[in-house]
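Down below is the structure, laid out as structure tokens.
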Number of protein chains: 2
Amino acid sequence: MNYSKQREVVLNSLKENVIHPTAENLYSIIQIEYPEVSKATLYRNLSQLAKAGLIRKIDGLDSSAHFDHNTKLHYHFICEKCGKVFDISTDVAQNIVKKAEQETGFKITSHEIVFKGLCKDCKN
Amino acid sequence: MNYSKQREVVLNSLKENVIHPTAENLYSIIQIEYPEVSKATLYRNLSQLAKAGLIRKIDGLDSSAHFDHNTKLHYHFICEKCGKVFDISTDVAQNIVKKAEQETGFKITSHEIVFKGLCKDCKN
DNA sequence: GTATAAAATAAGAATAATTATCAATTTGAG
DNA sequence: CTCAAATTGATAATTATTCTTATTTTATAC
């Protein structure tokens, strides 16, 4: 991966926006300061950065993919009322990969857990 | 929900095709015997049946949603080589909802676990 | 520094999956 | 049987994302 100004902007924007943004969220945010970053470039870089392991793509939350600056293993919760995404620690499912591999005999290379419901604020 | 012939066809086809098909998979299958079921009707009925809890929609496996005739709680694995989807029992993550609710204080109404990797056949 | 090949870009077209529109048909309660 | 509500087929529209192409940047070799 060569250096590019646009990729740096994408990566930094994600690091500064810890809200698990979608590509469109990030595009709006980036547009304000860096209108020179096009949508195609944003999508391309998000893919590349995720493939390189520098960021993480989160599927299954809602109709679009969200992106996470935090590459350490953890899970996610999306509030069905306000749409906010929160982290859930791996404590909730210990040794889950080992257990699943033992049960199935498959080789597991990645996994994601998505919880849905109401966050603390929206519950009331 | 009123009765409709088309909805019956959709539900029965899913029950007979335990392969976790996508909407397009199911459309191809249904077309052969029941060309009178349109694509719009298929999508509409899959949504309605899922909302009514008679089937389950699985997100996060790949670019399209898959559907499951089995509404009992369980998790999923998709083989990144052959694309087949397999069930994973809830044993791999016991009390996960309770744990996540205790950790966060959120109200969790649903969750899904998606594993990716290589199935037994593709591993070799 | 200059040449140059590989990588990256912007702009917009294209695609894939899904949802919406709407007139016509079907269903079910009274 | 009647009529409103539900459902349908056909197709347009939408959403999210990827692809195309000509141009520009970057890294490297001289």
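Residue numbering restarts at 1 for every chain of the structure tokens, chains are lettered A, B, ... in their displayed order, and ligands are numbered from 1 as they appear.
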
Residues of segment 47-76 of chain A at most 12 Å from segment 25-33 of chain A: nearest atom pair and distance in Å, only C-alpha atoms, as JSON lines:
```
{"residue": "A:Ser64", "atom": "CA", "partner": "A:Asn25", "partner_atom": "CA", "distance": 10.5}
{"residue": "A:Ala65", "atom": "CA", "partner": "A:Asn25", "partner_atom": "CA", "distance": 10.7}
{"residue": "A:His66", "atom": "CA", "partner": "A:Asn25", "partner_atom": "CA", "distance": 9.1}
{"residue": "A:Phe67", "atom": "CA", "partner": "A:Leu26", "partner_atom": "CA", "distance": 9.1}
{"residue": "A:Asp68", "atom": "CA", "partner": "A:Leu26", "partner_atom": "CA", "distance": 11.2}
```

Save out the residues we just selected, N, CA and C atoms, as a PDB file, in the first residue's frame.
```
ATOM      1  N   SER A  64     -26.391  -0.725   6.247  1.00  0.00           N
ATOM      2  CA  SER A  64     -25.051  -0.450   5.723  1.00  0.00           C
ATOM      3  C   SER A  64     -23.944  -0.895   6.673  1.00  0.00           C
ATOM      4  N   ALA A  65     -22.769  -1.063   6.118  1.00  0.00           N
ATOM      5  CA  ALA A  65     -21.612  -1.448   6.908  1.00  0.00           C
ATOM      6  C   ALA A  65     -21.165  -0.277   7.771  1.00  0.00           C
ATOM      7  N   HIS A  66     -20.721  -0.588   8.973  1.00  0.00           N
ATOM      8  CA  HIS A  66     -20.126   0.424   9.837  1.00  0.00           C
ATOM      9  C   HIS A  66     -18.636   0.129   9.942  1.00  0.00           C
ATOM     10  N   PHE A  67     -17.874   1.149  10.358  1.00  0.00           N
ATOM     11  CA  PHE A  67     -16.433   0.966  10.440  1.00  0.00           C
ATOM     12  C   PHE A  67     -15.932   1.348  11.825  1.00  0.00           C
ATOM     13  N   ASP A  68     -14.903   0.625  12.242  1.00  0.00           N
ATOM     14  CA  ASP A  68     -14.422   0.719  13.607  1.00  0.00           C
ATOM     15  C   ASP A  68     -12.914   0.952  13.602  1.00  0.00           C
TER      16      ASP A  68
END
```

If the cut-off is 9 Å, can you tell me the residues of chain C near chain B, counting only C-alpha atoms (C1' of nucleotides)? I'd like them as a ChimeraX atom specification. /C:16-19,26-28

For DA29 of chain C, please output as number ranges by chain all residues within 12 Å (counting only C-alpha atoms (C1' of nucleotides); exclusion window: fewer than 3 positions along the same chain). B: 2; D: 2-5

Convert the current residue selection to file output with all heavy atoms, as a PDB file, in the first residue's frame.
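Contents of the output file out-v3.pdb:
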```pdb
ATOM      1  N   ASN B   2     -53.556 -12.115   6.345  1.00  0.00           N
ATOM      2  CA  ASN B   2     -54.501 -12.957   5.590  1.00  0.00           C
ATOM      3  C   ASN B   2     -53.772 -14.113   4.922  1.00  0.00           C
ATOM      4  O   ASN B   2     -52.560 -14.076   4.750  1.00  0.00           O
ATOM      5  CB  ASN B   2     -55.183 -12.140   4.491  1.00  0.00           C
ATOM      6  CG  ASN B   2     -56.309 -11.292   5.057  1.00  0.00           C
ATOM      7  OD1 ASN B   2     -56.677 -11.427   6.226  1.00  0.00           O
ATOM      8  ND2 ASN B   2     -56.845 -10.423   4.218  1.00  0.00           N
TER       9      ASN B   2
ATOM     10  P    DT D   2     -73.849  -8.332  -3.867  1.00  0.00           P
ATOM     11  OP1  DT D   2     -74.870  -7.304  -4.143  1.00  0.00           O
ATOM     12  OP2  DT D   2     -72.806  -8.686  -4.868  1.00  0.00           O
ATOM     13  O5'  DT D   2     -73.125  -7.924  -2.506  1.00  0.00           O
ATOM     14  C5'  DT D   2     -73.904  -7.421  -1.414  1.00  0.00           C
ATOM     15  C4'  DT D   2     -73.044  -6.482  -0.585  1.00  0.00           C
ATOM     16  O4'  DT D   2     -72.131  -7.252   0.244  1.00  0.00           O
ATOM     17  C3'  DT D   2     -72.164  -5.532  -1.400  1.00  0.00           C
ATOM     18  O3'  DT D   2     -72.115  -4.302  -0.685  1.00  0.00           O
ATOM     19  C2'  DT D   2     -70.828  -6.248  -1.458  1.00  0.00           C
ATOM     20  C1'  DT D   2     -70.783  -6.935  -0.089  1.00  0.00           C
ATOM     21  N1   DT D   2     -70.046  -8.234   0.018  1.00  0.00           N
ATOM     22  C2   DT D   2     -69.493  -8.559   1.226  1.00  0.00           C
ATOM     23  O2   DT D   2     -69.559  -7.839   2.192  1.00  0.00           O
ATOM     24  N3   DT D   2     -68.866  -9.780   1.251  1.00  0.00           N
ATOM     25  C4   DT D   2     -68.731 -10.678   0.218  1.00  0.00           C
ATOM     26  O4   DT D   2     -68.163 -11.749   0.378  1.00  0.00           O
ATOM     27  C5   DT D   2     -69.323 -10.278  -1.027  1.00  0.00           C
ATOM     28  C7   DT D   2     -69.226 -11.181  -2.226  1.00  0.00           C
ATOM     29  C6   DT D   2     -69.942  -9.085  -1.079  1.00  0.00           C
ATOM     30  P    DC D   3     -71.507  -3.003  -1.322  1.00  0.00           P
ATOM     31  OP1  DC D   3     -72.409  -1.873  -1.030  1.00  0.00           O
ATOM     32  OP2  DC D   3     -71.074  -3.297  -2.696  1.00  0.00           O
ATOM     33  O5'  DC D   3     -70.212  -2.841  -0.404  1.00  0.00           O
ATOM     34  C5'  DC D   3     -70.328  -2.902   1.026  1.00  0.00           C
ATOM     35  C4'  DC D   3     -68.934  -2.897   1.619  1.00  0.00           C
ATOM     36  O4'  DC D   3     -68.365  -4.229   1.556  1.00  0.00           O
ATOM     37  C3'  DC D   3     -67.962  -1.982   0.882  1.00  0.00           C
ATOM     38  O3'  DC D   3     -67.141  -1.349   1.845  1.00  0.00           O
ATOM     39  C2'  DC D   3     -67.163  -2.942   0.020  1.00  0.00           C
ATOM     40  C1'  DC D   3     -67.102  -4.168   0.925  1.00  0.00           C
ATOM     41  N1   DC D   3     -66.889  -5.473   0.242  1.00  0.00           N
ATOM     42  C2   DC D   3     -66.455  -6.579   0.999  1.00  0.00           C
ATOM     43  O2   DC D   3     -66.257  -6.428   2.209  1.00  0.00           O
ATOM     44  N3   DC D   3     -66.261  -7.759   0.384  1.00  0.00           N
ATOM     45  C4   DC D   3     -66.470  -7.881  -0.930  1.00  0.00           C
ATOM     46  N4   DC D   3     -66.277  -9.080  -1.483  1.00  0.00           N
ATOM     47  C5   DC D   3     -66.917  -6.772  -1.725  1.00  0.00           C
ATOM     48  C6   DC D   3     -67.117  -5.599  -1.101  1.00  0.00           C
ATOM     49  P    DA D   4     -66.324  -0.025   1.472  1.00  0.00           P
ATOM     50  OP1  DA D   4     -67.180   1.154   1.653  1.00  0.00           O
ATOM     51  OP2  DA D   4     -65.644  -0.252   0.184  1.00  0.00           O
ATOM     52  O5'  DA D   4     -65.238  -0.032   2.632  1.00  0.00           O
ATOM     53  C5'  DA D   4     -65.560  -0.552   3.929  1.00  0.00           C
ATOM     54  C4'  DA D   4     -64.386  -1.386   4.422  1.00  0.00           C
ATOM     55  O4'  DA D   4     -64.322  -2.636   3.673  1.00  0.00           O
ATOM     56  C3'  DA D   4     -63.025  -0.701   4.235  1.00  0.00           C
ATOM     57  O3'  DA D   4     -62.275  -0.903   5.412  1.00  0.00           O
ATOM     58  C2'  DA D   4     -62.428  -1.412   3.034  1.00  0.00           C
ATOM     59  C1'  DA D   4     -63.016  -2.817   3.148  1.00  0.00           C
ATOM     60  N9   DA D   4     -63.161  -3.536   1.886  1.00  0.00           N
ATOM     61  C8   DA D   4     -63.577  -3.040   0.677  1.00  0.00           C
ATOM     62  N7   DA D   4     -63.621  -3.937  -0.282  1.00  0.00           N
ATOM     63  C5   DA D   4     -63.204  -5.102   0.336  1.00  0.00           C
ATOM     64  C6   DA D   4     -63.038  -6.417  -0.146  1.00  0.00           C
ATOM     65  N6   DA D   4     -63.284  -6.786  -1.404  1.00  0.00           N
ATOM     66  N1   DA D   4     -62.614  -7.347   0.734  1.00  0.00           N
ATOM     67  C2   DA D   4     -62.371  -6.983   2.007  1.00  0.00           C
ATOM     68  N3   DA D   4     -62.493  -5.782   2.571  1.00  0.00           N
ATOM     69  C4   DA D   4     -62.920  -4.871   1.672  1.00  0.00           C
ATOM     70  P    DA D   5     -60.827  -0.271   5.565  1.00  0.00           P
ATOM     71  OP1  DA D   5     -60.741   0.399   6.881  1.00  0.00           O
ATOM     72  OP2  DA D   5     -60.532   0.456   4.317  1.00  0.00           O
ATOM     73  O5'  DA D   5     -59.921  -1.576   5.617  1.00  0.00           O
ATOM     74  C5'  DA D   5     -60.317  -2.709   6.398  1.00  0.00           C
ATOM     75  C4'  DA D   5     -59.372  -3.849   6.092  1.00  0.00           C
ATOM     76  O4'  DA D   5     -59.702  -4.423   4.799  1.00  0.00           O
ATOM     77  C3'  DA D   5     -57.915  -3.418   6.009  1.00  0.00           C
ATOM     78  O3'  DA D   5     -57.135  -4.381   6.683  1.00  0.00           O
ATOM     79  C2'  DA D   5     -57.637  -3.368   4.511  1.00  0.00           C
ATOM     80  C1'  DA D   5     -58.562  -4.460   3.985  1.00  0.00           C
ATOM     81  N9   DA D   5     -59.003  -4.282   2.597  1.00  0.00           N
ATOM     82  C8   DA D   5     -59.384  -3.125   1.974  1.00  0.00           C
ATOM     83  N7   DA D   5     -59.745  -3.293   0.720  1.00  0.00           N
ATOM     84  C5   DA D   5     -59.597  -4.651   0.515  1.00  0.00           C
ATOM     85  C6   DA D   5     -59.822  -5.468  -0.622  1.00  0.00           C
ATOM     86  N6   DA D   5     -60.276  -5.009  -1.791  1.00  0.00           N
ATOM     87  N1   DA D   5     -59.587  -6.792  -0.492  1.00  0.00           N
ATOM     88  C2   DA D   5     -59.139  -7.260   0.686  1.00  0.00           C
ATOM     89  N3   DA D   5     -58.896  -6.589   1.823  1.00  0.00           N
ATOM     90  C4   DA D   5     -59.144  -5.275   1.658  1.00  0.00           C
TER      91       DA D   5
END
```

Need to verify the contact set: Asn70 of chain B, 10 Å, only C-alpha atoms (C1' of nucleotides), exclusion of same-chain residues closer than 6 positions in sequence. Can you return it as number ranges by chain? B: 14-15, 18, 20, 54-56, 87

Counting only C-alpha atoms, what are the residues of chain B within 12 Å of chain A, and for each of them which pair of atoms is the nearest and at what distance in Å, to one decimal? Sort the table by chain and rising number, as a tab-separated table.
```
residue	atom	partner	partner_atom	distance
B:Lys57	CA	A:Gly60	CA	10.8
B:Ile58	CA	A:Gly60	CA	8.4
B:Asp59	CA	A:Gly60	CA	4.9
B:Gly60	CA	A:Gly60	CA	4.0
B:Leu61	CA	A:Gly60	CA	7.8
B:Asp62	CA	A:Asp59	CA	8.6
B:Ser63	CA	A:Asp59	CA	9.2
B:Ser64	CA	A:Ser63	CA	10.2
B:Ala65	CA	A:Gly60	CA	9.3
B:His66	CA	A:Gly60	CA	11.5
B:Tyr75	CA	A:Ile113	CA	9.7
B:His76	CA	A:His111	CA	9.8
B:Phe77	CA	A:Ile108	CA	8.5
B:Ile78	CA	A:Ile108	CA	9.5
B:Cys79	CA	A:Phe106	CA	8.7
B:Glu80	CA	A:Thr109	CA	9.5
B:Lys81	CA	A:Lys107	CA	11.5
B:Val85	CA	A:Phe106	CA	11.8
B:Phe86	CA	A:Thr104	CA	9.2
B:Asp87	CA	A:Thr104	CA	9.3
B:Ile88	CA	A:Ala100	CA	7.1
B:Ser89	CA	A:Ala100	CA	8.3
B:Thr90	CA	A:Ala100	CA	9.6
B:Asp91	CA	A:Lys99	CA	8.2
B:Val92	CA	A:Ile96	CA	5.5
B:Ala93	CA	A:Ala93	CA	5.2
B:Gln94	CA	A:Ala93	CA	7.4
B:Asn95	CA	A:Val92	CA	8.1
B:Ile96	CA	A:Val92	CA	5.5
B:Val97	CA	A:Val92	CA	8.0
B:Lys98	CA	A:Val92	CA	8.7
B:Lys99	CA	A:Val92	CA	5.5
B:Ala100	CA	A:Val92	CA	5.9
B:Glu101	CA	A:Val92	CA	9.5
B:Gln102	CA	A:Val92	CA	9.6
B:Glu103	CA	A:Ile88	CA	8.0
B:Thr104	CA	A:Ile88	CA	7.7
B:Gly105	CA	A:Lys120	CA	6.0
B:Phe106	CA	A:Cys119	CA	4.7
B:Lys107	CA	A:Leu118	CA	5.1
B:Ile108	CA	A:Gly117	CA	4.3
B:Thr109	CA	A:Gly117	CA	4.8
B:Ser110	CA	A:Lys116	CA	5.2
B:His111	CA	A:Phe115	CA	4.2
B:Glu112	CA	A:Val114	CA	5.5
B:Ile113	CA	A:Ile113	CA	4.5
B:Val114	CA	A:Glu112	CA	5.5
B:Phe115	CA	A:His111	CA	4.2
B:Lys116	CA	A:Ser110	CA	5.3
B:Gly117	CA	A:Ile108	CA	4.3
B:Leu118	CA	A:Lys107	CA	5.1
B:Cys119	CA	A:Phe106	CA	4.7
B:Lys120	CA	A:Phe106	CA	5.1
B:Asp121	CA	A:Phe106	CA	8.6
B:Cys122	CA	A:Phe106	CA	8.9
B:Lys123	CA	A:Lys107	CA	6.9
B:Asn124	CA	A:Lys107	CA	10.3
```

Just list the residues in chain B DSSP gives strand (DSSP E) on the backbone, as number ranges by chain. B: 56-58, 66-68, 75-79, 85-88, 107-118

Just-selected residues, N, CA, C and O atoms written as a tab-separated table (two decimals), in the first residue's frame:
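Output saved as result_10.tsv:
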```tsv
chain	number	residue	atom	x	y	z
B	56	ARG	N	-36.67	-16.78	10.04
B	56	ARG	CA	-35.67	-15.83	10.55
B	56	ARG	C	-34.82	-15.30	9.42
B	56	ARG	O	-34.46	-16.03	8.50
B	57	LYS	N	-34.52	-14.02	9.49
B	57	LYS	CA	-33.64	-13.38	8.52
B	57	LYS	C	-32.24	-13.34	9.14
B	57	LYS	O	-32.09	-12.99	10.31
B	58	ILE	N	-31.24	-13.73	8.35
B	58	ILE	CA	-29.87	-13.73	8.86
B	58	ILE	C	-29.06	-12.69	8.10
B	58	ILE	O	-28.85	-12.81	6.90
B	66	HIS	N	-29.81	-13.91	4.23
B	66	HIS	CA	-30.21	-15.31	4.07
B	66	HIS	C	-31.43	-15.53	4.96
B	66	HIS	O	-31.68	-14.76	5.88
B	67	PHE	N	-32.16	-16.62	4.65
B	67	PHE	CA	-33.37	-16.88	5.43
B	67	PHE	C	-33.35	-18.29	5.98
B	67	PHE	O	-32.82	-19.21	5.36
B	68	ASP	N	-33.94	-18.43	7.16
B	68	ASP	CA	-33.84	-19.66	7.92
B	68	ASP	C	-35.24	-20.10	8.35
B	68	ASP	O	-35.97	-19.32	8.95
B	75	TYR	N	-26.81	-20.11	16.04
B	75	TYR	CA	-25.92	-19.19	15.37
B	75	TYR	C	-25.51	-19.75	14.01
B	75	TYR	O	-25.97	-20.82	13.62
B	76	HIS	N	-24.67	-19.01	13.29
B	76	HIS	CA	-24.35	-19.41	11.91
B	76	HIS	C	-22.87	-19.29	11.57
B	76	HIS	O	-22.15	-18.46	12.11
B	77	PHE	N	-22.50	-20.15	10.65
B	77	PHE	CA	-21.14	-20.17	10.11
B	77	PHE	C	-21.26	-20.14	8.60
B	77	PHE	O	-22.08	-20.87	8.02
B	78	ILE	N	-20.45	-19.31	7.94
B	78	ILE	CA	-20.43	-19.35	6.48
B	78	ILE	C	-19.01	-19.68	6.03
B	78	ILE	O	-18.03	-19.10	6.51
B	79	CYS	N	-18.92	-20.65	5.12
B	79	CYS	CA	-17.62	-21.05	4.59
B	79	CYS	C	-17.22	-20.04	3.52
B	79	CYS	O	-17.97	-19.80	2.57
B	85	VAL	N	-23.74	-22.33	4.33
B	85	VAL	CA	-24.03	-21.82	5.67
B	85	VAL	C	-24.41	-22.98	6.58
B	85	VAL	O	-25.18	-23.85	6.17
B	86	PHE	N	-23.85	-23.00	7.77
B	86	PHE	CA	-24.11	-24.07	8.72
B	86	PHE	C	-24.62	-23.50	10.04
B	86	PHE	O	-24.30	-22.35	10.38
B	87	ASP	N	-25.36	-24.31	10.76
B	87	ASP	CA	-25.82	-23.90	12.09
B	87	ASP	C	-24.74	-24.15	13.14
B	87	ASP	O	-23.98	-25.11	13.03
B	88	ILE	N	-24.73	-23.30	14.13
B	88	ILE	CA	-23.86	-23.48	15.30
B	88	ILE	C	-24.77	-23.43	16.53
B	88	ILE	O	-25.62	-22.54	16.61
B	107	LYS	N	-31.27	-3.06	27.20
B	107	LYS	CA	-32.28	-4.10	27.01
B	107	LYS	C	-32.00	-4.78	25.68
B	107	LYS	O	-32.07	-4.13	24.64
B	108	ILE	N	-31.65	-6.04	25.70
B	108	ILE	CA	-31.32	-6.74	24.46
B	108	ILE	C	-32.51	-7.57	24.00
B	108	ILE	O	-33.05	-8.37	24.75
B	109	THR	N	-32.92	-7.32	22.76
B	109	THR	CA	-34.11	-8.02	22.26
B	109	THR	C	-33.75	-9.09	21.23
B	109	THR	O	-34.54	-9.99	20.97
B	110	SER	N	-32.57	-8.99	20.64
B	110	SER	CA	-32.14	-10.03	19.70
B	110	SER	C	-30.63	-9.99	19.55
B	110	SER	O	-29.99	-8.99	19.88
B	111	HIS	N	-30.08	-11.07	19.07
B	111	HIS	CA	-28.65	-11.07	18.78
B	111	HIS	C	-28.35	-12.16	17.77
B	111	HIS	O	-29.14	-13.08	17.57
B	112	GLU	N	-27.21	-12.03	17.12
B	112	GLU	CA	-26.78	-13.01	16.12
B	112	GLU	C	-25.27	-13.16	16.22
B	112	GLU	O	-24.57	-12.18	16.49
B	113	ILE	N	-24.82	-14.37	16.03
B	113	ILE	CA	-23.38	-14.60	15.95
B	113	ILE	C	-23.08	-15.20	14.59
B	113	ILE	O	-23.73	-16.16	14.17
B	114	VAL	N	-22.15	-14.59	13.89
B	114	VAL	CA	-21.74	-15.08	12.58
B	114	VAL	C	-20.25	-15.44	12.64
B	114	VAL	O	-19.42	-14.61	12.99
B	115	PHE	N	-19.97	-16.69	12.31
B	115	PHE	CA	-18.59	-17.16	12.20
B	115	PHE	C	-18.25	-17.28	10.72
B	115	PHE	O	-19.08	-17.67	9.91
B	116	LYS	N	-16.99	-17.00	10.38
B	116	LYS	CA	-16.52	-17.21	9.02
B	116	LYS	C	-15.24	-18.03	9.04
B	116	LYS	O	-14.49	-17.96	10.02
B	117	GLY	N	-15.02	-18.78	7.99
B	117	GLY	CA	-13.82	-19.60	7.92
B	117	GLY	C	-13.95	-20.66	6.85
B	117	GLY	O	-14.52	-20.39	5.79
B	118	LEU	N	-13.42	-21.83	7.13
B	118	LEU	CA	-13.46	-22.91	6.15
B	118	LEU	C	-14.17	-24.12	6.76
B	118	LEU	O	-13.84	-24.54	7.87
```

DA14 of chain C surroundings by only C-alpha atoms (C1' of nucleotides), 10 Å radius, close-in-sequence under 4 positions cut, as a list in words: DT18, DC19 and DT20 of chain D

If you run DSSP on this backbone, which residues of segment 43-91 of chain A come out as helix (DSSP H, G or I), and could you give them as a VMD selection string? chain A and resid 43 to 51 90 to 91

Residues near DA23 of chain C, cut-off 12 Å, only C-alpha atoms (C1' of nucleotides), skip fewer than 6 positions along chain, as number ranges by chain: D: 8-10

Residues at most 9 Å from DT21 of chain C, counting only C-alpha atoms (C1' of nucleotides), excluding those fewer than 6 positions away in the same chain, as an NGL selection string? :D and (11-13)

Write the residues of the selection above to a file with C-alpha atoms (C1' of nucleotides), as a PDB file, in the first residue's frame.
```pdb
ATOM      1  C1'  DT D  11     -41.988  -2.188 -12.725  1.00  0.00           C
ATOM      2  C1'  DA D  12     -39.893   2.154 -11.060  1.00  0.00           C
ATOM      3  C1'  DA D  13     -37.042   3.847  -7.464  1.00  0.00           C
TER       4       DA D  13
END
```

Residues of chain D near chain A: apply a cut-off of 9 Å, count only C-alpha atoms (C1' of nucleotides), and supply the list as a PyMOL selection string. chain D and resi 15-18+25-27

Selection from above, N, CA, C and O atoms (P, O5', C5', C4', C3', O3' and C1' of nucleotides), as a PDB file, in the first residue's frame, can you write it?
```pdb
ATOM      1  P    DT D  15     -32.944   6.492  -0.754  1.00  0.00           P
ATOM      2  O5'  DT D  15     -31.965   5.347  -0.245  1.00  0.00           O
ATOM      3  C5'  DT D  15     -32.444   4.015  -0.103  1.00  0.00           C
ATOM      4  C4'  DT D  15     -31.267   3.120   0.171  1.00  0.00           C
ATOM      5  C3'  DT D  15     -29.972   3.830   0.565  1.00  0.00           C
ATOM      6  O3'  DT D  15     -29.415   3.130   1.655  1.00  0.00           O
ATOM      7  C1'  DT D  15     -29.607   2.464  -1.334  1.00  0.00           C
ATOM      8  P    DA D  16     -28.096   3.668   2.382  1.00  0.00           P
ATOM      9  O5'  DA D  16     -27.014   2.635   1.860  1.00  0.00           O
ATOM     10  C5'  DA D  16     -27.219   1.250   2.090  1.00  0.00           C
ATOM     11  C4'  DA D  16     -26.169   0.505   1.328  1.00  0.00           C
ATOM     12  C3'  DA D  16     -24.741   1.010   1.584  1.00  0.00           C
ATOM     13  O3'  DA D  16     -23.974  -0.106   2.006  1.00  0.00           O
ATOM     14  C1'  DA D  16     -25.194   0.851  -0.745  1.00  0.00           C
ATOM     15  P    DT D  17     -22.414   0.053   2.307  1.00  0.00           P
ATOM     16  O5'  DT D  17     -21.796  -0.305   0.879  1.00  0.00           O
ATOM     17  C5'  DT D  17     -22.222  -1.511   0.241  1.00  0.00           C
ATOM     18  C4'  DT D  17     -21.681  -1.565  -1.162  1.00  0.00           C
ATOM     19  C3'  DT D  17     -20.174  -1.327  -1.275  1.00  0.00           C
ATOM     20  O3'  DT D  17     -19.589  -2.578  -1.594  1.00  0.00           O
ATOM     21  C1'  DT D  17     -21.413  -0.296  -3.043  1.00  0.00           C
ATOM     22  P    DT D  18     -18.029  -2.719  -1.851  1.00  0.00           P
ATOM     23  O5'  DT D  18     -17.973  -2.699  -3.461  1.00  0.00           O
ATOM     24  C5'  DT D  18     -18.770  -3.627  -4.181  1.00  0.00           C
ATOM     25  C4'  DT D  18     -18.585  -3.365  -5.666  1.00  0.00           C
ATOM     26  C3'  DT D  18     -17.120  -3.362  -6.113  1.00  0.00           C
ATOM     27  O3'  DT D  18     -17.060  -4.238  -7.242  1.00  0.00           O
ATOM     28  C1'  DT D  18     -18.234  -1.426  -6.884  1.00  0.00           C
ATOM     29  P    DT D  25      -1.381  15.611  -8.726  1.00  0.00           P
ATOM     30  O5'  DT D  25      -0.930  14.505  -7.663  1.00  0.00           O
ATOM     31  C5'  DT D  25      -1.314  13.208  -7.894  1.00  0.00           C
ATOM     32  C4'  DT D  25      -0.858  12.281  -6.795  1.00  0.00           C
ATOM     33  C3'  DT D  25       0.421  12.625  -6.051  1.00  0.00           C
ATOM     34  O3'  DT D  25       0.306  12.087  -4.743  1.00  0.00           O
ATOM     35  C1'  DT D  25       0.778  10.720  -7.423  1.00  0.00           C
ATOM     36  P    DT D  26       1.518  12.212  -3.686  1.00  0.00           P
ATOM     37  O5'  DT D  26       2.260  10.818  -3.862  1.00  0.00           O
ATOM     38  C5'  DT D  26       1.568   9.599  -3.549  1.00  0.00           C
ATOM     39  C4'  DT D  26       2.479   8.426  -3.800  1.00  0.00           C
ATOM     40  C3'  DT D  26       3.841   8.529  -3.113  1.00  0.00           C
ATOM     41  O3'  DT D  26       3.993   7.359  -2.320  1.00  0.00           O
ATOM     42  C1'  DT D  26       4.082   7.956  -5.406  1.00  0.00           C
ATOM     43  P    DA D  27       5.296   7.153  -1.397  1.00  0.00           P
ATOM     44  O5'  DA D  27       6.199   6.197  -2.290  1.00  0.00           O
ATOM     45  C5'  DA D  27       5.726   4.885  -2.600  1.00  0.00           C
ATOM     46  C4'  DA D  27       6.763   4.197  -3.450  1.00  0.00           C
ATOM     47  C3'  DA D  27       8.168   4.147  -2.858  1.00  0.00           C
ATOM     48  O3'  DA D  27       8.645   2.827  -3.062  1.00  0.00           O
ATOM     49  C1'  DA D  27       8.236   5.161  -4.998  1.00  0.00           C
TER      50       DA D  27
END
```
